[in-house]
$ cat coords.cif   # mmCIF, N, CA and C atoms
data_query
#
loop_
_atom_site.label_atom_id
_atom_site.label_comp_id
_atom_site.auth_asym_id
_atom_site.auth_seq_id
_atom_site.Cartn_x
_atom_site.Cartn_y
_atom_site.Cartn_z
N MET A 543 120.45 94.35 108.53
CA MET A 543 119.08 93.95 108.25
C MET A 543 118.89 93.90 106.73
N PRO A 544 118.33 92.83 106.21
CA PRO A 544 118.11 92.73 104.77
C PRO A 544 117.10 93.77 104.29
N GLU A 545 117.26 94.20 103.03
CA GLU A 545 116.33 95.16 102.46
C GLU A 545 115.46 94.50 101.40
N ARG A 546 114.36 95.14 101.13
CA ARG A 546 113.42 94.62 100.15
C ARG A 546 112.80 95.78 99.38
N GLU A 547 112.63 95.59 98.07
CA GLU A 547 111.99 96.60 97.24
C GLU A 547 110.53 96.22 97.03
N ILE A 548 109.66 97.22 97.13
CA ILE A 548 108.24 97.00 96.85
C ILE A 548 107.71 98.13 95.98
N SER A 549 106.62 97.87 95.31
CA SER A 549 105.90 98.91 94.58
C SER A 549 104.83 99.48 95.49
N VAL A 550 104.69 100.81 95.46
CA VAL A 550 103.62 101.43 96.24
C VAL A 550 102.51 101.96 95.32
N GLY A 551 102.62 101.65 94.04
CA GLY A 551 101.58 102.04 93.09
C GLY A 551 102.09 102.98 92.02
N ARG A 552 101.20 103.39 91.16
CA ARG A 552 101.56 104.27 90.06
C ARG A 552 101.65 105.72 90.55
N LEU A 553 102.59 106.46 89.97
CA LEU A 553 102.78 107.86 90.35
C LEU A 553 101.51 108.66 90.13
N ASP A 554 100.81 108.43 89.02
CA ASP A 554 99.61 109.20 88.71
C ASP A 554 98.42 108.87 89.61
N GLU A 555 98.56 107.86 90.48
CA GLU A 555 97.51 107.53 91.46
C GLU A 555 97.71 108.28 92.78
N ILE A 556 98.84 108.95 92.92
CA ILE A 556 99.14 109.70 94.14
C ILE A 556 98.93 111.18 93.83
N GLY A 557 98.21 111.89 94.71
CA GLY A 557 97.96 113.31 94.50
C GLY A 557 99.26 114.08 94.30
N ASP A 558 99.15 115.31 93.79
CA ASP A 558 100.33 116.13 93.55
C ASP A 558 100.11 117.52 94.14
N PRO A 559 100.62 117.80 95.31
CA PRO A 559 101.35 116.87 96.19
C PRO A 559 100.40 115.94 96.91
N GLY A 560 100.93 114.80 97.30
CA GLY A 560 100.13 113.80 98.01
C GLY A 560 101.02 112.74 98.61
N CYS A 561 100.42 111.84 99.37
CA CYS A 561 101.17 110.81 100.10
C CYS A 561 100.50 109.46 99.97
N ARG A 562 101.29 108.44 100.21
CA ARG A 562 100.78 107.08 100.27
C ARG A 562 101.62 106.29 101.27
N GLU A 563 100.92 105.61 102.18
CA GLU A 563 101.61 104.75 103.16
C GLU A 563 102.00 103.43 102.53
N PHE A 564 103.01 102.79 103.11
CA PHE A 564 103.41 101.46 102.69
C PHE A 564 103.97 100.70 103.89
N THR A 565 103.98 99.38 103.76
CA THR A 565 104.53 98.50 104.77
C THR A 565 105.45 97.51 104.08
N ILE A 566 106.62 97.29 104.65
CA ILE A 566 107.54 96.28 104.14
C ILE A 566 107.71 95.24 105.23
N GLY A 567 107.46 93.99 104.89
CA GLY A 567 107.57 92.91 105.86
C GLY A 567 106.22 92.59 106.47
N GLU A 568 106.23 91.58 107.32
CA GLU A 568 104.99 91.10 107.93
C GLU A 568 105.21 90.90 109.42
N GLY A 569 104.21 90.37 110.08
CA GLY A 569 104.32 90.08 111.50
C GLY A 569 103.99 91.29 112.36
N ASP A 570 104.43 91.24 113.61
CA ASP A 570 104.09 92.28 114.57
C ASP A 570 104.83 93.59 114.35
N TRP A 571 106.01 93.56 113.72
CA TRP A 571 106.83 94.76 113.59
C TRP A 571 107.31 95.00 112.16
N PRO A 572 106.40 95.14 111.20
CA PRO A 572 106.86 95.45 109.84
C PRO A 572 107.40 96.88 109.79
N PHE A 573 108.16 97.18 108.75
CA PHE A 573 108.65 98.54 108.54
C PHE A 573 107.51 99.35 107.93
N ARG A 574 107.17 100.46 108.55
CA ARG A 574 106.09 101.31 108.07
C ARG A 574 106.66 102.63 107.56
N GLY A 575 106.22 103.02 106.38
CA GLY A 575 106.72 104.25 105.78
C GLY A 575 105.67 104.93 104.94
N PHE A 576 106.09 106.01 104.28
CA PHE A 576 105.19 106.73 103.38
C PHE A 576 106.01 107.42 102.31
N VAL A 577 105.39 107.61 101.15
CA VAL A 577 106.01 108.38 100.07
C VAL A 577 105.24 109.68 99.93
N VAL A 578 105.96 110.70 99.52
CA VAL A 578 105.37 112.00 99.21
C VAL A 578 105.68 112.31 97.75
N ARG A 579 104.64 112.62 97.01
CA ARG A 579 104.83 113.04 95.62
C ARG A 579 104.82 114.55 95.57
N GLN A 580 105.77 115.11 94.81
CA GLN A 580 105.81 116.54 94.56
C GLN A 580 106.21 116.69 93.09
N GLY A 581 105.21 116.87 92.24
CA GLY A 581 105.47 116.89 90.80
C GLY A 581 105.88 115.50 90.34
N ASP A 582 107.01 115.42 89.64
CA ASP A 582 107.52 114.12 89.19
C ASP A 582 108.47 113.49 90.20
N ASP A 583 108.72 114.18 91.31
CA ASP A 583 109.64 113.68 92.33
C ASP A 583 108.89 112.93 93.43
N VAL A 584 109.54 111.92 93.98
CA VAL A 584 109.01 111.21 95.14
C VAL A 584 110.08 111.14 96.23
N PHE A 585 109.62 111.25 97.45
CA PHE A 585 110.48 111.17 98.62
C PHE A 585 109.83 110.17 99.57
N ALA A 586 110.62 109.37 100.24
CA ALA A 586 110.06 108.35 101.14
C ALA A 586 110.74 108.42 102.49
N TYR A 587 109.94 108.16 103.53
CA TYR A 587 110.42 108.24 104.91
C TYR A 587 109.79 107.15 105.76
N GLN A 588 110.45 106.83 106.85
CA GLN A 588 109.87 105.95 107.85
C GLN A 588 108.75 106.71 108.55
N ASN A 589 107.65 106.05 108.81
CA ASN A 589 106.53 106.66 109.52
C ASN A 589 106.79 106.56 111.02
N PHE A 590 107.65 107.46 111.49
CA PHE A 590 108.11 107.41 112.88
C PHE A 590 108.48 108.83 113.31
N CYS A 591 107.80 109.32 114.33
CA CYS A 591 108.07 110.66 114.85
C CYS A 591 109.41 110.65 115.59
N VAL A 592 110.33 111.51 115.15
CA VAL A 592 111.66 111.55 115.78
C VAL A 592 111.61 112.20 117.16
N HIS A 593 110.49 112.77 117.53
CA HIS A 593 110.33 113.38 118.86
C HIS A 593 109.69 112.42 119.85
N ALA A 594 108.61 111.78 119.44
CA ALA A 594 107.84 110.97 120.39
C ALA A 594 107.85 109.47 120.09
N GLY A 595 108.34 109.06 118.91
CA GLY A 595 108.47 107.64 118.62
C GLY A 595 107.22 106.92 118.20
N HIS A 596 106.23 107.64 117.70
CA HIS A 596 105.00 107.00 117.22
C HIS A 596 104.75 107.40 115.78
N PRO A 597 103.74 106.83 115.10
CA PRO A 597 103.47 107.22 113.72
C PRO A 597 103.15 108.72 113.61
N LEU A 598 103.46 109.30 112.48
CA LEU A 598 103.23 110.73 112.25
C LEU A 598 101.77 111.05 111.97
N ASN A 599 101.04 110.12 111.39
CA ASN A 599 99.68 110.40 110.93
C ASN A 599 98.62 109.77 111.82
N TRP A 600 97.43 110.42 111.81
CA TRP A 600 96.26 109.87 112.49
C TRP A 600 95.30 109.23 111.50
N LYS A 601 95.28 109.75 110.28
CA LYS A 601 94.38 109.19 109.26
C LYS A 601 95.21 108.64 108.11
N PRO A 602 94.69 107.67 107.40
CA PRO A 602 95.44 107.06 106.30
C PRO A 602 95.96 108.10 105.31
N ASP A 603 97.23 107.98 104.95
CA ASP A 603 97.88 108.85 103.96
C ASP A 603 97.87 110.33 104.34
N GLY A 604 97.61 110.65 105.62
CA GLY A 604 97.53 112.04 106.07
C GLY A 604 98.83 112.53 106.68
N PHE A 605 99.75 112.98 105.85
CA PHE A 605 101.07 113.40 106.32
C PHE A 605 101.41 114.85 106.02
N LEU A 606 100.58 115.54 105.25
CA LEU A 606 100.93 116.88 104.82
C LEU A 606 100.16 117.97 105.57
N THR A 607 100.78 119.16 105.64
CA THR A 607 100.10 120.31 106.22
C THR A 607 98.89 120.66 105.34
N ARG A 608 98.04 121.53 105.86
CA ARG A 608 96.83 121.91 105.12
C ARG A 608 97.13 122.44 103.72
N ASP A 609 98.20 123.23 103.60
CA ASP A 609 98.55 123.79 102.30
C ASP A 609 99.44 122.85 101.47
N LYS A 610 99.73 121.68 102.03
CA LYS A 610 100.49 120.62 101.36
C LYS A 610 101.92 121.03 101.01
N SER A 611 102.49 121.94 101.81
CA SER A 611 103.84 122.41 101.55
C SER A 611 104.89 121.72 102.41
N ALA A 612 104.46 120.93 103.40
CA ALA A 612 105.39 120.28 104.31
C ALA A 612 104.73 119.05 104.93
N ILE A 613 105.56 118.20 105.54
CA ILE A 613 105.10 117.03 106.28
C ILE A 613 104.84 117.49 107.71
N ILE A 614 103.78 116.98 108.33
CA ILE A 614 103.47 117.38 109.70
C ILE A 614 103.20 116.16 110.57
N CYS A 615 103.65 116.22 111.81
CA CYS A 615 103.31 115.20 112.80
C CYS A 615 101.95 115.58 113.39
N SER A 616 100.97 114.71 113.23
CA SER A 616 99.61 114.99 113.67
C SER A 616 99.49 115.12 115.18
N SER A 617 100.43 114.58 115.93
CA SER A 617 100.27 114.60 117.36
C SER A 617 100.81 115.84 118.03
N HIS A 618 101.94 116.38 117.59
CA HIS A 618 102.45 117.57 118.27
C HIS A 618 102.80 118.71 117.32
N GLY A 619 102.50 118.56 116.04
CA GLY A 619 102.62 119.66 115.10
C GLY A 619 104.00 119.95 114.56
N ALA A 620 104.98 119.08 114.79
CA ALA A 620 106.30 119.29 114.20
C ALA A 620 106.17 119.29 112.69
N VAL A 621 106.93 120.16 112.03
CA VAL A 621 106.85 120.31 110.58
C VAL A 621 108.19 119.94 109.97
N PHE A 622 108.15 119.13 108.89
CA PHE A 622 109.35 118.63 108.23
C PHE A 622 109.33 119.01 106.76
N SER A 623 110.49 119.28 106.19
CA SER A 623 110.57 119.57 104.75
C SER A 623 110.26 118.30 103.96
N ILE A 624 109.61 118.46 102.84
CA ILE A 624 109.26 117.32 102.00
C ILE A 624 110.50 116.71 101.36
N ASP A 625 111.41 117.53 100.87
CA ASP A 625 112.53 117.02 100.09
C ASP A 625 113.68 116.45 100.92
N ALA A 626 113.78 116.79 102.20
CA ALA A 626 114.89 116.29 103.01
C ALA A 626 114.45 115.68 104.33
N GLY A 627 113.19 115.88 104.71
CA GLY A 627 112.70 115.33 105.97
C GLY A 627 113.23 116.04 107.20
N GLU A 628 113.83 117.21 107.03
CA GLU A 628 114.41 117.95 108.15
C GLU A 628 113.33 118.68 108.92
N CYS A 629 113.44 118.66 110.24
CA CYS A 629 112.48 119.35 111.09
C CYS A 629 112.69 120.86 110.95
N MET A 630 111.64 121.57 110.55
CA MET A 630 111.71 123.02 110.36
C MET A 630 111.05 123.76 111.51
N GLY A 631 110.33 123.05 112.36
CA GLY A 631 109.65 123.69 113.47
C GLY A 631 109.02 122.67 114.39
N GLY A 632 109.02 122.98 115.68
CA GLY A 632 108.47 122.07 116.67
C GLY A 632 109.55 121.50 117.56
N PRO A 633 109.20 120.54 118.40
CA PRO A 633 110.11 120.03 119.42
C PRO A 633 111.25 119.15 118.90
N CYS A 634 111.33 118.95 117.60
CA CYS A 634 112.38 118.09 117.06
C CYS A 634 113.40 118.87 116.24
N ARG A 635 113.43 120.17 116.39
CA ARG A 635 114.33 121.01 115.58
C ARG A 635 115.75 120.45 115.62
N GLY A 636 116.37 120.37 114.43
CA GLY A 636 117.71 119.83 114.32
C GLY A 636 117.75 118.34 113.99
N LYS A 637 116.60 117.69 114.03
CA LYS A 637 116.52 116.27 113.69
C LYS A 637 115.88 116.12 112.32
N ALA A 638 115.86 114.88 111.81
CA ALA A 638 115.25 114.63 110.51
C ALA A 638 114.60 113.26 110.49
N LEU A 639 113.61 113.11 109.63
CA LEU A 639 112.98 111.81 109.42
C LEU A 639 113.98 110.88 108.75
N ARG A 640 113.82 109.57 108.98
CA ARG A 640 114.69 108.58 108.34
C ARG A 640 114.23 108.38 106.91
N SER A 641 115.09 108.70 105.97
CA SER A 641 114.71 108.57 104.56
C SER A 641 114.83 107.12 104.09
N VAL A 642 114.07 106.82 103.07
CA VAL A 642 114.02 105.49 102.45
C VAL A 642 114.22 105.70 100.95
N ALA A 643 114.98 104.84 100.32
CA ALA A 643 115.21 104.95 98.87
C ALA A 643 113.89 104.84 98.11
N ALA A 644 113.68 105.77 97.18
CA ALA A 644 112.45 105.77 96.37
C ALA A 644 112.80 106.20 94.95
N GLU A 645 112.13 105.59 93.99
CA GLU A 645 112.32 105.98 92.59
C GLU A 645 111.09 105.64 91.78
N VAL A 646 110.96 106.35 90.66
CA VAL A 646 109.87 106.09 89.72
C VAL A 646 110.47 105.42 88.49
N ARG A 647 109.92 104.26 88.14
CA ARG A 647 110.33 103.52 86.94
C ARG A 647 109.09 103.18 86.13
N ASP A 648 109.07 103.62 84.90
CA ASP A 648 107.93 103.37 84.01
C ASP A 648 106.61 103.76 84.65
N GLY A 649 106.61 104.89 85.36
CA GLY A 649 105.40 105.41 85.96
C GLY A 649 105.00 104.78 87.28
N GLU A 650 105.78 103.82 87.77
CA GLU A 650 105.47 103.14 89.02
C GLU A 650 106.47 103.54 90.10
N VAL A 651 105.99 103.74 91.32
CA VAL A 651 106.83 104.17 92.44
C VAL A 651 107.31 102.94 93.20
N PHE A 652 108.62 102.85 93.36
CA PHE A 652 109.24 101.76 94.12
C PHE A 652 110.00 102.33 95.30
N VAL A 653 109.93 101.63 96.44
CA VAL A 653 110.73 101.98 97.61
C VAL A 653 111.53 100.76 98.03
N THR A 654 112.69 101.03 98.63
CA THR A 654 113.53 99.97 99.15
C THR A 654 113.82 100.30 100.61
N GLY A 655 113.47 99.38 101.48
CA GLY A 655 113.68 99.61 102.90
C GLY A 655 113.93 98.31 103.63
N PRO A 656 114.11 98.41 104.95
CA PRO A 656 114.34 97.21 105.75
C PRO A 656 113.21 96.21 105.56
N ASP A 657 113.57 94.95 105.53
CA ASP A 657 112.60 93.87 105.29
C ASP A 657 111.55 93.78 106.39
N GLY A 658 111.85 94.27 107.58
CA GLY A 658 110.87 94.26 108.66
C GLY A 658 110.64 92.92 109.29
N ARG A 659 111.59 92.02 109.19
CA ARG A 659 111.42 90.70 109.81
C ARG A 659 112.14 90.65 111.13
#
$ encode --input "coords.cif" --output "structure tokens"
Amino acid sequence: MPEREISVGRLDEIGDPGCREFTIGEGDWPFRGFVVRQGDDVFAYQNFCVHAGHPLNWKPDGFLTRDKSAIICSSHGAVFSIDAGECMGGPCRGKALRSVAAEVRDGEVFVTGPDGR
């Protein structure tokens, strides 16, 4: 599947820690993902629950636990590490979120993922 790089905005526009959703591609089945900012680092993942197969969030950009120390699935409470996407608790223990390449260049966050076509 071809890949495509997109900008998801400036790093200083994302909370610390904070998240931002993104979509790559168009049509009925674009690739949906999110970035997590933690200081100057960014991590990106597919927005897909490895346990139930649906999006992790219920509200826009809502991927973090209350204390913002981990990623959480809003539907069944599975908790994932921010830096590796590994399941630390819940029904998906031993699995991990699908990571997406992410980097900050000149203050802007870029992700590279499947084109979604």
$ resolve_selection --input "coords.cif" --expression "the PyMOL selection byres ((chain A and resi 625) around 8)" --output "NGL selection string"
:A and (584-586 or 611-613 or 622-624 or 626-628)
$ closest_residue --input "coords.cif" --among "A:Thr607, A:Arg579, A:Glu545, A:Phe573" --to "Pro559 of chain A" --atoms "only N, CA and C atoms"
A:Arg579
$ atom_distance --input "coords.cif" --atom1 "atom CA of Arg574 of chain A" --atom2 "atom CA of Pro656 of chain A"
9.5 Å
$ axis_aligned_box --input "coords.cif" --around "segment 553-571 of chain A" --padding-each-side "4 Å" --output "JSON"
{"center_x": 102.6, "center_y": 103.9, "center_z": 101.6, "size_x": 18.2, "size_y": 35.7, "size_z": 33.9}
$ closest_residue --input "coords.cif" --among "A:Gly649, A:Gly560, A:Gly575, A:Gly655" --to "Ile548 of chain A" --atoms "only N, CA and C atoms"
A:Gly655
$ select_by_dssp --input "coords.cif" --residues "chain A" --states "strand (DSSP E)" --output "number ranges by chain"
A: 545-552, 560-566, 573-580, 583-588, 613-614, 621-622, 629-631, 641-647, 650-656
$ atom_distance --input "coords.cif" --atom1 "atom N of Gly631 of chain A" --atom2 "atom CA of Gly619 of chain A"
8.9 Å
$ closest_residue --input "coords.cif" --among "A:Cys561, A:Cys615, A:Ile566, A:Val646" --to "Val578 of chain A" --atoms "all atoms listed in the file"
A:Cys561
